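Peer 1: Following this line is my_file.cif, made up of mmCIF, C-alpha atoms:
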```cif
data_work
#
loop_
_atom_site.label_atom_id
_atom_site.label_comp_id
_atom_site.auth_asym_id
_atom_site.auth_seq_id
_atom_site.Cartn_x
_atom_site.Cartn_y
_atom_site.Cartn_z
CA MET A 228 -9.95 184.55 92.90
CA SER A 229 -7.77 181.58 92.15
CA LEU A 230 -4.67 181.95 90.08
CA LYS A 231 -4.96 178.31 88.94
CA SER A 232 -5.68 177.75 85.27
CA PRO A 233 -8.93 175.89 84.44
CA LEU A 234 -6.86 172.86 83.48
CA GLY A 235 -4.83 173.00 86.69
CA SER A 236 -7.95 173.06 88.85
CA VAL A 237 -9.25 169.77 87.42
CA LEU A 238 -5.98 167.87 86.98
CA GLY A 239 -5.91 164.73 89.09
CA LEU A 240 -9.65 164.73 89.74
CA GLY A 241 -10.48 162.05 87.16
CA ALA A 242 -13.79 161.42 85.43
CA ALA A 243 -15.69 161.06 88.71
CA GLY A 244 -14.59 164.51 89.86
CA GLY A 245 -13.72 163.12 93.26
CA GLY A 246 -10.02 162.74 92.82
CA ALA A 247 -8.07 160.23 94.80
CA HIS A 248 -9.92 160.53 98.11
CA HIS A 249 -11.49 157.07 97.94
CA TRP A 250 -8.20 155.48 96.94
CA TRP A 251 -6.32 157.31 99.70
CA MET A 252 -8.82 156.42 102.45
CA GLN A 253 -8.74 152.76 101.39
CA ARG A 254 -4.95 152.77 101.87
CA LEU A 255 -5.06 154.80 105.06
CA THR A 256 -7.56 152.41 106.66
CA ALA A 257 -5.51 149.47 105.37
CA ILE A 258 -2.41 150.81 107.13
CA ALA A 259 -4.39 151.22 110.35
CA LEU A 260 -6.05 147.80 110.04
CA ALA A 261 -2.82 145.85 109.60
CA PRO A 262 -1.72 146.25 113.26
CA LEU A 263 -5.27 146.52 114.66
CA GLY A 264 -6.47 143.37 112.90
CA ALA A 265 -3.36 141.34 113.68
CA TRP A 266 -3.58 142.42 117.34
CA PHE A 267 -7.29 141.57 117.64
CA VAL A 268 -7.00 138.08 116.12
CA THR A 269 -3.82 137.25 118.04
CA ALA A 270 -5.18 138.56 121.36
CA LEU A 271 -8.45 136.62 121.04
CA VAL A 272 -6.76 133.29 120.29
CA MET A 273 -4.30 133.82 123.15
CA LEU A 274 -7.14 134.04 125.69
CA PRO A 275 -7.50 130.91 127.83
CA ASP A 276 -11.08 130.53 126.57
CA LEU A 277 -13.82 132.63 125.00
CA SER A 278 -16.37 132.20 127.77
CA TYR A 279 -18.50 135.18 128.79
CA PRO A 280 -16.48 136.28 131.86
CA THR A 281 -13.14 135.94 130.08
CA ALA A 282 -14.21 137.75 126.89
CA ARG A 283 -16.07 140.48 128.80
CA ALA A 284 -13.19 141.18 131.18
CA TRP A 285 -10.78 141.25 128.26
CA LEU A 286 -12.79 143.77 126.23
CA ALA A 287 -13.60 145.92 129.27
CA ALA A 288 -9.92 146.76 129.86
CA PRO A 289 -9.21 150.27 128.49
CA TRP A 290 -6.14 149.19 126.56
CA HIS A 291 -8.32 146.64 124.76
CA ALA A 292 -11.54 148.64 124.42
CA VAL A 293 -9.93 151.65 122.72
CA PRO A 294 -8.15 149.70 119.97
CA ALA A 295 -11.22 147.46 119.60
CA GLY A 296 -13.35 150.58 119.06
CA LEU A 297 -10.85 151.89 116.51
CA LEU A 298 -10.80 148.47 114.86
CA VAL A 299 -14.57 148.19 114.34
CA LEU A 300 -14.81 151.74 112.98
CA THR A 301 -11.82 151.36 110.65
CA ALA A 302 -12.83 147.87 109.52
CA THR A 303 -16.38 148.97 108.71
CA TYR A 304 -15.13 151.99 106.77
CA HIS A 305 -12.55 149.89 104.91
CA ALA A 306 -15.20 147.23 104.15
CA TRP A 307 -17.60 149.86 102.85
CA LEU A 308 -14.97 151.32 100.52
CA GLY A 309 -14.14 147.85 99.20
CA VAL A 310 -17.70 146.55 98.83
CA ARG A 311 -18.61 149.79 97.09
CA VAL A 312 -15.99 149.23 94.38
CA VAL A 313 -17.22 145.67 93.80
CA VAL A 314 -20.80 146.93 93.36
CA GLU A 315 -19.64 149.70 91.03
CA ASP A 316 -17.77 147.11 88.96
CA TYR A 317 -20.38 144.37 88.71
CA VAL A 318 -23.84 145.94 89.02
CA HIS A 319 -24.37 147.43 85.59
CA ASP A 320 -27.95 148.70 85.71
CA ARG A 321 -27.75 152.27 86.99
CA ARG A 322 -30.88 152.09 89.11
CA HIS A 323 -29.90 148.76 90.69
CA LYS A 324 -26.42 150.12 91.28
CA LEU A 325 -27.74 153.20 93.08
CA VAL A 326 -30.19 151.23 95.24
CA THR A 327 -27.54 148.62 96.11
CA LEU A 328 -25.02 151.31 97.03
CA VAL A 329 -27.51 153.17 99.25
CA VAL A 330 -28.66 149.99 101.03
CA LEU A 331 -25.08 148.81 101.58
CA GLU A 332 -23.96 152.24 102.78
CA PHE A 333 -26.71 152.26 105.43
CA LEU A 334 -25.88 148.66 106.36
CA HIS A 335 -22.22 149.49 106.92
CA LEU A 336 -23.13 152.55 108.98
CA ALA A 337 -25.45 150.39 111.08
CA VAL A 338 -22.78 147.73 111.59
CA GLY A 339 -20.21 150.35 112.59
CA ALA A 340 -22.60 152.09 114.98
CA GLY A 341 -23.77 148.80 116.52
CA ALA A 342 -20.26 147.45 117.01
CA LEU A 343 -19.00 150.70 118.53
CA TYR A 344 -22.02 150.81 120.84
CA ALA A 345 -21.32 147.27 122.02
CA VAL A 346 -17.64 147.99 122.68
CA LEU A 347 -18.49 151.19 124.60
CA LYS A 348 -21.21 149.45 126.62
CA VAL A 349 -18.80 146.73 127.70
CA ALA A 350 -16.02 149.24 128.36
CA LEU A 351 -18.09 151.78 130.30
CA GLY A 352 -20.68 149.46 131.85
CA GLY A 353 -18.55 148.36 134.78
CA ALA A 354 -18.64 144.82 136.10
CA ALA A 355 -21.25 142.65 134.40
CA MET B 139 -32.96 154.66 65.57
CA ALA B 140 -31.57 152.81 68.55
CA PRO B 141 -28.03 153.85 69.38
CA ARG B 142 -25.36 151.30 68.67
CA PRO B 143 -24.27 149.49 71.84
CA ARG B 144 -21.08 150.96 73.25
CA PRO B 145 -17.96 148.87 72.66
CA LEU B 146 -16.90 146.90 75.72
CA SER B 147 -13.37 146.35 76.86
CA PRO B 148 -12.27 142.70 77.06
CA HIS B 149 -13.17 141.18 80.40
CA LEU B 150 -12.22 138.17 82.51
CA GLN B 151 -13.53 135.43 80.21
CA VAL B 152 -11.14 136.26 77.35
CA TYR B 153 -8.02 135.82 79.44
CA ARG B 154 -6.32 132.56 80.30
CA PRO B 155 -6.38 132.24 84.12
CA MET B 156 -3.01 133.12 85.56
CA TYR B 157 -1.45 132.71 88.93
CA THR B 158 -1.29 136.42 89.82
CA MET B 159 -4.79 136.95 88.46
CA VAL B 160 -6.27 134.24 90.70
CA LEU B 161 -4.49 135.81 93.69
CA SER B 162 -6.04 139.14 92.73
CA PHE B 163 -9.57 137.67 92.59
CA ALA B 164 -8.91 136.02 95.93
CA HIS B 165 -8.12 139.41 97.47
CA ARG B 166 -11.52 140.68 96.44
CA ALA B 167 -13.30 137.48 97.44
CA THR B 168 -11.69 137.38 100.89
CA GLY B 169 -12.50 141.08 101.28
CA LEU B 170 -16.18 140.34 100.68
CA VAL B 171 -16.03 137.36 103.05
CA LEU B 172 -14.50 139.56 105.74
CA ALA B 173 -17.12 142.28 105.16
CA ALA B 174 -19.77 139.63 105.82
CA GLY B 175 -17.67 138.46 108.76
CA LEU B 176 -18.16 141.90 110.31
CA LEU B 177 -21.77 140.83 110.86
CA CYS B 178 -20.47 137.86 112.91
CA LEU B 179 -18.20 140.20 114.85
CA LEU B 180 -21.13 142.57 115.42
CA TRP B 181 -23.27 139.69 116.71
CA TRP B 182 -20.50 138.57 119.07
CA LEU B 183 -19.88 142.10 120.41
CA LEU B 184 -23.58 142.88 120.89
CA ALA B 185 -24.08 139.60 122.74
CA LEU B 186 -21.06 140.38 124.90
CA ALA B 187 -22.64 143.76 125.71
CA ALA B 188 -26.12 142.30 126.26
CA GLY B 189 -25.19 139.76 128.93
CA PRO B 190 -24.54 136.09 129.70
CA GLU B 191 -27.84 134.74 128.29
CA ALA B 192 -27.37 136.41 124.91
CA TYR B 193 -23.71 135.40 124.89
CA ALA B 194 -24.64 131.76 125.51
CA ASN B 195 -26.45 131.70 122.14
CA VAL B 196 -23.45 133.09 120.24
CA TYR B 197 -21.08 130.82 122.12
CA ALA B 198 -23.20 127.77 121.25
CA ALA B 199 -23.26 128.86 117.59
CA MET B 200 -19.52 129.48 117.30
CA THR B 201 -18.56 126.24 119.03
CA SER B 202 -20.92 124.15 116.89
CA PRO B 203 -19.30 122.37 113.91
CA PRO B 204 -20.78 124.76 111.27
CA GLY B 205 -19.80 127.71 113.47
CA GLU B 206 -16.26 126.44 113.80
CA LEU B 207 -16.09 126.07 110.03
CA VAL B 208 -17.22 129.70 109.61
CA VAL B 209 -14.65 130.91 112.16
CA ALA B 210 -11.90 128.86 110.52
CA GLY B 211 -12.88 130.26 107.11
CA LEU B 212 -12.78 133.80 108.45
CA VAL B 213 -9.33 133.17 109.95
CA VAL B 214 -7.96 131.99 106.59
CA ALA B 215 -9.66 134.87 104.74
CA PHE B 216 -8.31 137.35 107.30
CA TRP B 217 -4.68 136.27 106.99
CA TYR B 218 -4.84 136.10 103.20
CA HIS B 219 -6.35 139.58 102.94
CA PHE B 220 -3.82 140.80 105.53
CA CYS B 221 -0.77 139.43 103.68
CA ASN B 222 -1.97 140.34 100.21
CA GLY B 223 -3.00 143.76 101.52
CA LEU B 224 0.60 144.36 102.61
CA ARG B 225 1.64 143.25 99.11
CA HIS B 226 -0.73 145.86 97.69
CA LEU B 227 0.65 148.58 99.95
CA ASN B 228 4.14 147.70 98.76
CA TRP B 229 2.96 148.08 95.16
CA ASP B 230 1.36 151.41 96.05
CA ALA B 231 4.79 152.55 97.21
CA GLY B 232 5.98 151.74 93.68
CA ARG B 233 7.97 148.65 94.60
CA GLY B 234 7.82 145.06 93.37
CA LEU B 235 5.69 145.69 90.30
CA GLU B 236 7.89 143.72 87.87
CA LYS B 237 6.37 140.46 86.68
CA VAL B 238 8.93 138.22 88.34
CA ASN B 239 8.67 140.09 91.66
CA ALA B 240 4.87 140.10 91.58
CA ARG B 241 4.89 136.33 91.13
CA ARG B 242 7.45 135.85 93.88
CA SER B 243 5.54 138.04 96.36
CA GLY B 244 2.38 136.13 95.43
CA THR B 245 3.99 132.85 96.47
CA LEU B 246 5.20 134.51 99.65
CA VAL B 247 1.63 135.62 100.42
CA VAL B 248 0.26 132.10 99.95
CA VAL B 249 2.96 130.55 102.15
CA ALA B 250 2.59 133.24 104.85
CA THR B 251 -1.19 132.81 104.83
CA LEU B 252 -0.89 129.06 105.31
CA ILE B 253 1.57 129.51 108.20
CA LEU B 254 -0.37 132.28 109.99
CA ALA B 255 -3.75 130.59 109.54
CA THR B 256 -2.37 127.25 110.78
CA LEU B 257 -0.77 128.89 113.82
CA THR B 258 -3.99 130.78 114.63
CA LEU B 259 -6.16 127.68 114.32
CA LEU B 260 -3.70 125.65 116.41
CA ALA B 261 -3.74 128.37 119.09
CA MET B 262 -7.53 128.25 119.10
CA LEU B 263 -7.48 124.47 119.51
CA GLN B 264 -4.88 124.72 122.29
CA THR B 265 -6.50 127.40 124.40
CA GLY B 266 -10.20 126.72 123.96
CA GLY B 267 -10.05 122.94 123.92
CA ARG B 268 -12.14 123.47 120.82
CA LEU B 269 -11.99 126.10 118.10
#
```
I need this file expressed as structure tokens, please.

Peer 2:
Amino acid sequence: MSLKSPLGSVLGLGAAGGGAHHWWMQRLTAIALAPLGAWFVTALVMLPDLSYPTARAWLAAPWHAVPAGLLVLTATYHAWLGVRVVVEDYVHDRRHKLVTLVVLEFLHLAVGAGALYAVLKVALGGAA
Amino acid sequence: MAPRPRPLSPHLQVYRPMYTMVLSFAHRATGLVLAAGLLCLLWWLLALAAGPEAYANVYAAMTSPPGELVVAGLVVAFWYHFCNGLRHLNWDAGRGLEKVNARRSGTLVVVATLILATLTLLAMLQTGGRL
């Protein structure tokens, strides 16, 4: 049995009942993405070229593959949280909203899974 | 009897466009652009994993003039969202929320975006010969 009062157990949860989890995860992924994103963009443009051997050898190195894997997962999660809010704000019909959210959720999961698969394949596949 | 329509709160069209407001829209817009850009990143990574033939297609696409325009657009959107995202995190920490500071940090974001995007695009021109 909880000693919390009924009011105390709902305080901070808001009308959606979900509390601040979405808000917090959006910030947490943002904090992670700031260094990961800046590193990824800077590292790619510092490469001598983006030909297949250069790009493949770059991504295959463990100290590139691990942050790249973290980047694609975090970026997809962050994008899903952001896109979700835009849909919730601008799609007013409840049925359209639900369908759009479900489709976009699956799409983001697919993008995240595909990108992680590609990074792992390059990283673990040995010399191409 | 049909229920009376619920009252709506005033939305975008009733407000005069303001500097900080446009910056705020731009954060959302660049966020959506970058979400779509994840599809480009996915294509690039999958091609890199698939092998030289698949990569040749992506490489041809991203070094074509429309492809270079897309990459350049993503670079600008990335740095804007990056800088303005840091501005948001600063606000979340409870700092810089006063009107004058919000306007000042907005200018800083625009200037920083221009500098970072220009440097990135110049680096791409330098190293790749092309973008």

Peer 1: Give the residues of chain B that lie within 9 Å of chain A; count all atoms listed in the file, and format the answer as a PyMOL selection string.

Peer 2: chain B and resi 166+169-170+172-173+176-177+179-181+183-190+193-194+197+213+216-217+220-221+223-224+227+230+258-259+261-267

Peer 1: I'd like to see the residues matched by the PyMOL selection byres ((chain B and resi 248) around 10) on this file, and ideally I'd get them as a list in words.

Peer 2: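 Residues picked by the PyMOL selection byres ((chain B and resi 248) around 10): Leu161, Trp217, Tyr218, Cys221, Asn222, Ser243, Gly244, Thr245, Leu246, Val247, Val249, Ala250, Thr251, Leu252 and Ile253 of chain B.
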
Peer 1: Figure out the distance between CA of Leu308 (chain A) and CA of Leu336 (chain A), please, to one decimal in Å.

Peer 2: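 Value for the CA of Leu336 (chain A)-CA of Leu308 (chain A) distance: 11.8 Å.
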
Peer 1: Closest to Asn239 (chain B) among B:Pro145, B:Thr158, B:Ala199, B:Ala140, using all atoms listed in the file?

Peer 2: B:Thr158

Peer 1: Choose the residue, out of B:Thr201, B:Pro148, B:Tyr157, B:Glu206, that has the smallest atom-to-atom separation from Arg241 (chain B); count all atoms listed in the file.

Peer 2: B:Tyr157

Peer 1: As an exercise, work out the distance from CA of His291 (chain A) to CA of Arg225 (chain B) in Å and give it to one decimal place.

Peer 2: 27.7 Å

Peer 1: What is the distance, in Å and to one decimal place, between CA of Glu236 (chain B) and CA of Pro155 (chain B)?

Peer 2: 18.7 Å
